[in-house]
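Heads up, target-v4.cif below (mmCIF, C-alpha atoms and all ligand atoms):
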```cif
data_entry
#
loop_
_atom_site.label_atom_id
_atom_site.label_comp_id
_atom_site.auth_asym_id
_atom_site.auth_seq_id
_atom_site.Cartn_x
_atom_site.Cartn_y
_atom_site.Cartn_z
CA MET A 16 160.80 73.98 67.14
CA ALA A 17 158.87 76.38 64.92
CA TRP A 18 160.35 77.51 61.64
CA SER A 19 158.93 80.13 59.28
CA THR A 20 159.54 80.67 55.59
CA PRO A 21 157.91 83.25 53.31
CA TYR A 22 155.55 80.38 52.37
CA GLY A 23 154.44 79.15 55.76
CA ARG A 24 155.20 78.22 59.33
CA TYR A 25 156.36 74.71 60.11
CA GLN A 26 156.93 72.60 63.21
CA VAL A 27 160.18 70.67 63.18
CA ALA A 28 160.52 67.78 65.62
CA PRO A 29 161.47 64.11 65.85
CA LEU A 30 159.02 62.02 63.83
CA GLU A 31 156.19 60.57 65.91
CA GLN A 32 155.10 56.97 65.52
CA LYS A 33 151.58 58.03 64.50
CA ASP A 34 153.03 59.91 61.52
CA ILE A 35 154.88 56.93 60.01
CA PRO A 36 152.05 56.16 57.51
CA GLN A 37 152.46 59.67 56.12
CA VAL A 38 156.18 59.14 55.63
CA ALA A 39 155.52 55.78 53.98
CA ALA A 40 153.09 57.51 51.60
CA LEU A 41 155.67 60.19 50.83
CA GLU A 42 158.30 57.51 50.15
CA ARG A 43 155.91 55.78 47.72
CA LEU A 44 155.24 59.11 46.03
CA VAL A 45 158.85 60.17 45.47
CA PHE A 46 161.14 57.10 45.54
CA LEU A 47 161.63 54.32 43.01
CA GLU A 48 162.48 51.96 45.87
CA PRO A 49 160.44 53.17 48.87
CA LEU A 50 160.98 51.74 52.32
CA PRO A 51 157.70 50.00 53.21
CA GLU A 52 155.74 51.08 56.28
CA GLU A 53 156.87 48.03 58.34
CA GLY A 54 160.48 48.80 57.46
CA LEU A 55 160.03 52.40 58.53
CA ARG A 56 158.47 51.31 61.82
CA ALA A 57 161.36 48.94 62.49
CA LYS A 58 163.95 51.61 61.77
CA HIS A 59 162.06 54.30 63.70
CA GLN A 60 162.12 52.31 66.94
CA LEU A 61 165.88 51.72 66.89
CA PRO A 62 167.75 53.85 69.43
CA THR A 63 170.41 54.49 66.79
CA VAL A 64 167.93 56.02 64.33
CA VAL A 65 166.73 59.61 64.16
CA TYR A 66 163.93 60.83 61.91
CA LEU A 67 163.38 64.57 61.89
CA ALA A 68 160.13 65.83 60.36
CA ALA A 69 158.73 69.18 59.28
CA LYS A 70 154.96 69.50 59.59
CA ASP A 71 152.41 71.91 58.20
CA ASP A 72 149.76 71.57 60.92
CA SER A 73 149.38 67.78 61.10
CA ARG A 74 150.76 67.08 57.63
CA VAL A 75 154.32 65.76 57.28
CA VAL A 76 155.77 67.80 54.43
CA ALA A 77 159.47 66.89 54.69
CA TYR A 78 161.67 64.51 56.64
CA PHE A 79 165.24 63.36 57.08
CA GLY A 80 166.28 60.06 58.65
CA PHE A 81 169.70 58.75 59.56
CA GLU A 82 171.19 55.81 61.45
CA ILE A 83 174.27 56.01 63.61
CA PHE A 84 177.17 53.66 62.93
CA ALA A 85 179.67 55.74 64.87
CA PRO A 86 181.74 57.51 63.74
CA TYR A 87 179.34 57.74 60.80
CA ALA A 88 175.69 58.69 60.48
CA HIS A 89 174.28 56.86 57.49
CA VAL A 90 171.48 58.60 55.62
CA LEU A 91 168.27 56.58 55.39
CA ALA A 92 166.31 59.09 53.33
CA ASN A 93 165.24 62.67 52.98
CA ALA A 94 162.34 63.97 50.99
CA THR A 95 160.17 67.03 50.65
CA HIS A 96 156.60 66.77 49.40
CA PRO A 97 156.39 68.12 45.81
CA ASP A 98 153.97 70.87 46.93
CA TYR A 99 156.52 72.18 49.45
CA ARG A 100 159.79 72.18 47.51
CA ARG A 101 162.26 75.05 47.10
CA GLN A 102 161.26 76.61 50.41
CA GLY A 103 164.44 75.53 52.17
CA LEU A 104 162.81 72.65 54.06
CA ALA A 105 165.44 70.05 53.16
CA THR A 106 168.17 72.58 53.90
CA PHE A 107 166.66 73.26 57.29
CA LEU A 108 166.28 69.58 58.22
CA LEU A 109 169.74 68.50 57.09
CA THR A 110 171.33 71.39 58.94
CA ALA A 111 169.27 70.87 62.10
CA ALA A 112 170.27 67.18 62.06
CA GLU A 113 174.00 67.90 62.24
CA PRO A 114 174.20 68.55 66.01
CA LEU A 115 171.87 65.59 66.63
CA ALA A 116 174.23 63.27 64.74
CA ARG A 117 177.29 64.78 66.44
CA ASP A 118 175.73 64.33 69.89
CA ARG A 119 175.30 60.61 69.08
CA GLY A 120 178.97 60.13 68.23
CA ALA A 121 178.99 60.76 64.48
CA ARG A 122 181.87 62.61 62.84
CA ALA A 123 180.34 62.57 59.36
CA PHE A 124 177.18 61.89 57.41
CA VAL A 125 177.50 59.39 54.60
CA GLY A 126 174.90 58.52 52.00
CA GLU A 127 174.27 57.28 48.47
CA VAL A 128 172.56 59.37 45.82
CA ARG A 129 171.35 58.27 42.40
CA ARG A 130 173.54 59.54 39.61
CA SER A 131 170.44 61.08 37.99
CA ASN A 132 169.29 62.92 41.13
CA ALA A 133 170.44 66.43 40.21
CA PRO A 134 168.24 68.23 42.79
CA GLN A 135 169.64 66.21 45.70
CA LEU A 136 173.23 66.52 44.45
CA ALA A 137 172.78 70.31 44.12
CA LEU A 138 171.25 70.53 47.59
CA LEU A 139 174.07 68.57 49.19
CA LYS A 140 176.79 70.52 47.39
CA GLN A 141 175.29 73.74 48.72
CA LEU A 142 175.40 72.29 52.24
CA GLY A 143 179.08 71.31 52.06
CA TRP A 144 178.73 67.62 51.25
CA VAL A 145 181.30 66.12 48.86
CA ARG A 146 181.09 63.26 46.38
CA SER A 147 183.73 60.65 47.14
CA ALA A 148 183.15 57.74 44.75
CA ILE A 149 180.69 56.10 42.41
CA ILE A 150 179.33 52.65 43.15
CA PRO A 151 178.17 51.05 39.89
CA ALA A 152 174.67 49.54 39.81
CA PHE A 153 174.10 50.31 43.48
CA PHE A 154 170.33 50.69 43.18
CA GLY A 155 167.77 48.01 42.42
CA ASN A 156 167.17 49.27 38.88
CA GLY A 157 170.89 49.16 38.11
CA GLU A 158 171.53 52.88 38.57
CA ASP A 159 174.92 54.02 39.88
CA ALA A 160 175.25 55.81 43.22
CA HIS A 161 177.39 58.75 44.20
CA VAL A 162 178.73 58.17 47.71
CA VAL A 163 178.34 61.52 49.46
CA ILE A 164 179.99 62.65 52.69
CA ARG A 165 179.54 65.60 54.98
CA VAL A 166 182.26 65.94 57.60
CA LEU A 167 180.52 67.45 60.61
CA PRO A 168 181.99 70.77 61.68
C1 LIG B 201 165.97 66.90 46.75
C2 LIG B 201 164.86 67.42 47.65
C3 LIG B 201 164.91 66.69 48.99
C4 LIG B 201 165.08 68.93 47.88
O1 LIG B 201 164.12 69.36 48.86
P1 LIG B 201 163.73 70.90 49.03
O2 LIG B 201 163.06 71.04 50.35
O3 LIG B 201 163.03 71.37 47.83
O4 LIG B 201 165.19 71.57 49.07
P2 LIG B 201 165.59 73.08 49.46
O5 LIG B 201 164.42 73.98 49.25
O6 LIG B 201 166.21 73.06 50.80
O7 LIG B 201 166.68 73.38 48.32
C5 LIG B 201 167.96 73.91 48.66
C6 LIG B 201 168.82 74.00 47.42
O8 LIG B 201 168.97 72.71 46.81
C7 LIG B 201 169.07 72.88 45.38
N1 LIG B 201 167.90 72.30 44.73
C8 LIG B 201 166.78 71.81 45.34
N2 LIG B 201 165.93 71.33 44.39
C9 LIG B 201 166.50 71.54 43.20
C10 LIG B 201 166.12 71.28 41.86
N3 LIG B 201 164.92 70.70 41.55
N4 LIG B 201 166.97 71.61 40.86
C11 LIG B 201 168.15 72.16 41.12
N5 LIG B 201 168.59 72.47 42.39
C12 LIG B 201 167.77 72.15 43.40
C13 LIG B 201 169.07 74.38 45.13
O9 LIG B 201 170.40 74.82 45.21
C14 LIG B 201 168.25 74.87 46.33
O10 LIG B 201 168.49 76.22 46.65
P3 LIG B 201 167.57 77.36 45.93
O11 LIG B 201 166.13 76.93 46.06
O12 LIG B 201 167.90 78.59 46.73
O13 LIG B 201 168.03 77.41 44.50
C15 LIG B 201 163.47 67.23 46.97
O14 LIG B 201 163.53 67.68 45.64
C16 LIG B 201 162.94 65.81 47.01
O15 LIG B 201 162.25 65.41 47.93
N6 LIG B 201 163.27 65.03 45.96
C17 LIG B 201 162.76 63.63 45.87
C18 LIG B 201 163.33 62.75 46.95
C19 LIG B 201 164.83 62.60 46.85
O16 LIG B 201 165.39 62.49 45.76
N7 LIG B 201 165.50 62.58 48.01
C20 LIG B 201 166.92 62.36 48.09
C21 LIG B 201 167.22 60.92 48.07
S1 LIG B 201 168.96 60.61 48.10
#
```
Could I get this file's structure written as structure tokens?
Amino acid sequence: MAWSTPYGRYQVAPLEQKDIPQVAALERLVFLEPLPEEGLRAKHQLPTVVYLAAKDDSRVVAYFGFEIFAPYAHVLANATHPDYRRQGLATFLLTAAEPLARDRGARAFVGEVRRSNAPQLALLKQLGWVRSAIIPAFFGNGEDAHVVIRVLP
């Protein structure tokens, strides 16, 4: 599917296997605890996993992955390349993923967000996600997680 913003025109589609190294590079760029390329490959081939990617020509500029544990869809990760932020790419991907999760038996998305991750918490709030609890020292560096839930409409 093609999607245009005032900044550019993007192709949004399920992530292709050949693009996994780009996602691994993006994870290393933006996450403290990136999923290594082998881990991404393993997840990507599971029938219960969906990765949706936005591309600028052949460049992956944003992605969102989730795994179905019906009735939940557990968030694996979402990220937007720093050069492409605040264009609505994450908003587009998370919204486009809702019917995909619903079609696979999910009634809600659930995920964990670092307490310090104000941009992600703001994004999710805007999209109707709610914070349900805090898990202390959830992340590898000891940071707490907000458990976030989006009941699918
Ligand atoms: C969080 C992240 C995915 C947002 O991606 P994005 O494509 O820039 O998001 P959008 O353009 O769809 O932003 C939608 C809304 O989210 C909120 N938001 C996004 N980034 C924000 C920021 N840096 N500060 C405050 N609010 C922010 C705003 O409300 C924004 O709407 P606005 O631009 O009209 O004000 C991106 O900053 C990122 O990749 N961060 C690093 C990876 C990460 O933390 N992922 C989440 C792991 S749980």
Would you write out, as CSV, a table of all residues in chain A that have an atom no more than 10 Å from an atom of ligand LIG 201 (chain B), listing for each the closest atom pair and the distance in Å to one decimal, considering all atoms listed in the file and ordering rows by chain and rising residue number?
```
residue,atom,partner,partner_atom,distance
A:Leu41,CA,B:LIG201,O15,8.9
A:Glu42,CA,B:LIG201,C18,7.9
A:Leu44,CA,B:LIG201,C17,8.8
A:Val45,CA,B:LIG201,C17,5.2
A:Phe46,CA,B:LIG201,C18,6.2
A:Leu47,CA,B:LIG201,O16,9.4
A:Val76,CA,B:LIG201,O2,9.0
A:Ala77,CA,B:LIG201,O2,7.0
A:Tyr78,CA,B:LIG201,C3,8.6
A:Phe79,CA,B:LIG201,C3,8.8
A:Val90,CA,B:LIG201,S1,8.2
A:Leu91,CA,B:LIG201,S1,8.4
A:Ala92,CA,B:LIG201,C21,5.6
A:Asn93,CA,B:LIG201,N7,5.0
A:Ala94,CA,B:LIG201,O15,3.4
A:Thr95,CA,B:LIG201,O15,3.8
A:His96,CA,B:LIG201,O15,6.0
A:Pro97,CA,B:LIG201,O15,6.8
A:Asp98,CA,B:LIG201,O3,9.1
A:Tyr99,CA,B:LIG201,O2,6.7
A:Arg100,CA,B:LIG201,O3,3.4
A:Arg101,CA,B:LIG201,O5,3.2
A:Gln102,CA,B:LIG201,O5,4.3
A:Gly103,CA,B:LIG201,O5,3.3
A:Leu104,CA,B:LIG201,O2,4.1
A:Ala105,CA,B:LIG201,O2,3.8
A:Thr106,CA,B:LIG201,O6,3.7
A:Phe107,CA,B:LIG201,O6,6.5
A:Leu108,CA,B:LIG201,O6,8.2
A:Leu109,CA,B:LIG201,O6,8.5
A:Thr110,CA,B:LIG201,O6,9.8
A:Gly126,CA,B:LIG201,S1,7.4
A:Glu127,CA,B:LIG201,S1,6.3
A:Val128,CA,B:LIG201,S1,4.4
A:Arg129,CA,B:LIG201,S1,6.6
A:Arg130,CA,B:LIG201,S1,9.7
A:Ser131,CA,B:LIG201,O16,9.4
A:Asn132,CA,B:LIG201,O16,6.1
A:Ala133,CA,B:LIG201,C11,6.2
A:Pro134,CA,B:LIG201,C9,3.8
A:Gln135,CA,B:LIG201,C1,3.9
A:Leu136,CA,B:LIG201,C1,7.6
A:Ala137,CA,B:LIG201,C7,4.7
A:Leu138,CA,B:LIG201,O8,3.2
A:Leu139,CA,B:LIG201,O8,7.0
A:Lys140,CA,B:LIG201,O9,8.0
A:Gln141,CA,B:LIG201,O9,6.1
A:Leu142,CA,B:LIG201,C6,8.3
A:Ala160,CA,B:LIG201,S1,9.3
A:His161,CA,B:LIG201,S1,9.5
A:Val163,CA,B:LIG201,S1,9.5
```
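Reported to one decimal place, the separation of CA of Ala111 (chain A) from CA of Glu31 (chain A) is 17.1 Å.
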In Å, how far is it from CA of Ala39 (chain A) to CA of Glu52 (chain A)?
-> 5.2 Å
State, in Å with one decimal place, the distance from CA of Leu115 (chain A) to CA of Ala69 (chain A).
-> 15.5 Å
For region 53-57 of chain A, please output as a PDB file with C-alpha atoms, keeping the file's coordinate frame all residues within 9 Å (counting only C-alpha atoms; exclusion window: fewer than 5 positions along the same chain).
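As written to disk, out18.pdb reads:
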```pdb
ATOM      1  CA  GLN A  32     155.100  56.970  65.520  1.00  0.00           C
ATOM      2  CA  ILE A  35     154.880  56.930  60.010  1.00  0.00           C
ATOM      3  CA  PRO A  36     152.050  56.160  57.510  1.00  0.00           C
ATOM      4  CA  VAL A  38     156.180  59.140  55.630  1.00  0.00           C
ATOM      5  CA  ALA A  39     155.520  55.780  53.980  1.00  0.00           C
TER       6      ALA A  39
END
```
May I have the protein, DNA and RNA residues with any atom at most 12 Å from the point (175.5, 61.9, 71.7), counting all atoms listed in the file, written as a CSV table (one decimal) with C-alpha atoms, keeping the file's coordinate frame?
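That gives us selection00.csv:
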```csv
chain,number,residue,atom,x,y,z
A,62,PRO,CA,167.8,53.8,69.4
A,63,THR,CA,170.4,54.5,66.8
A,65,VAL,CA,166.7,59.6,64.2
A,83,ILE,CA,174.3,56.0,63.6
A,85,ALA,CA,179.7,55.7,64.9
A,86,PRO,CA,181.7,57.5,63.7
A,88,ALA,CA,175.7,58.7,60.5
A,113,GLU,CA,174.0,67.9,62.2
A,114,PRO,CA,174.2,68.6,66.0
A,115,LEU,CA,171.9,65.6,66.6
A,116,ALA,CA,174.2,63.3,64.7
A,117,ARG,CA,177.3,64.8,66.4
A,118,ASP,CA,175.7,64.3,69.9
A,119,ARG,CA,175.3,60.6,69.1
A,120,GLY,CA,179.0,60.1,68.2
A,121,ALA,CA,179.0,60.8,64.5
A,122,ARG,CA,181.9,62.6,62.8
```
Would you kindly return, as a list of chain:residue names, each protein, DNA or RNA residue with an atom no farther than 9 Å from any atom of Val162 (chain A), considering only C-alpha atoms and excluding same-chain residues fewer than 3 positions away?
-> A:Val125, A:Gly126, A:Glu127, A:Val128, A:Val145, A:Arg146, A:Ser147, A:Ala148, A:Ile149, A:Ile150
At a cut-off of 8 Å, using all atoms listed in the file, what residues contact Tyr66 (chain A)? Leave out same-chain residues fewer than 3 positions from it and give the result as a PDB file with C-alpha atoms, in the frame of the given file.
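Wrote part06.pdb, looks like this:
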```pdb
ATOM      1  CA  PRO A  29     161.470  64.110  65.850  1.00  0.00           C
ATOM      2  CA  LEU A  30     159.020  62.020  63.830  1.00  0.00           C
ATOM      3  CA  HIS A  59     162.060  54.300  63.700  1.00  0.00           C
ATOM      4  CA  TYR A  78     161.670  64.510  56.640  1.00  0.00           C
ATOM      5  CA  PHE A  79     165.240  63.360  57.080  1.00  0.00           C
ATOM      6  CA  GLY A  80     166.280  60.060  58.650  1.00  0.00           C
ATOM      7  CA  PHE A  81     169.700  58.750  59.560  1.00  0.00           C
TER       8      PHE A  81
END
```
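For the residues A:Ala68, A:Arg43, A:Ile164, A:Gly157, ranking by smallest atom-to-atom distance to Ala17 (chain A) using only C-alpha atoms places A:Ala68 first.
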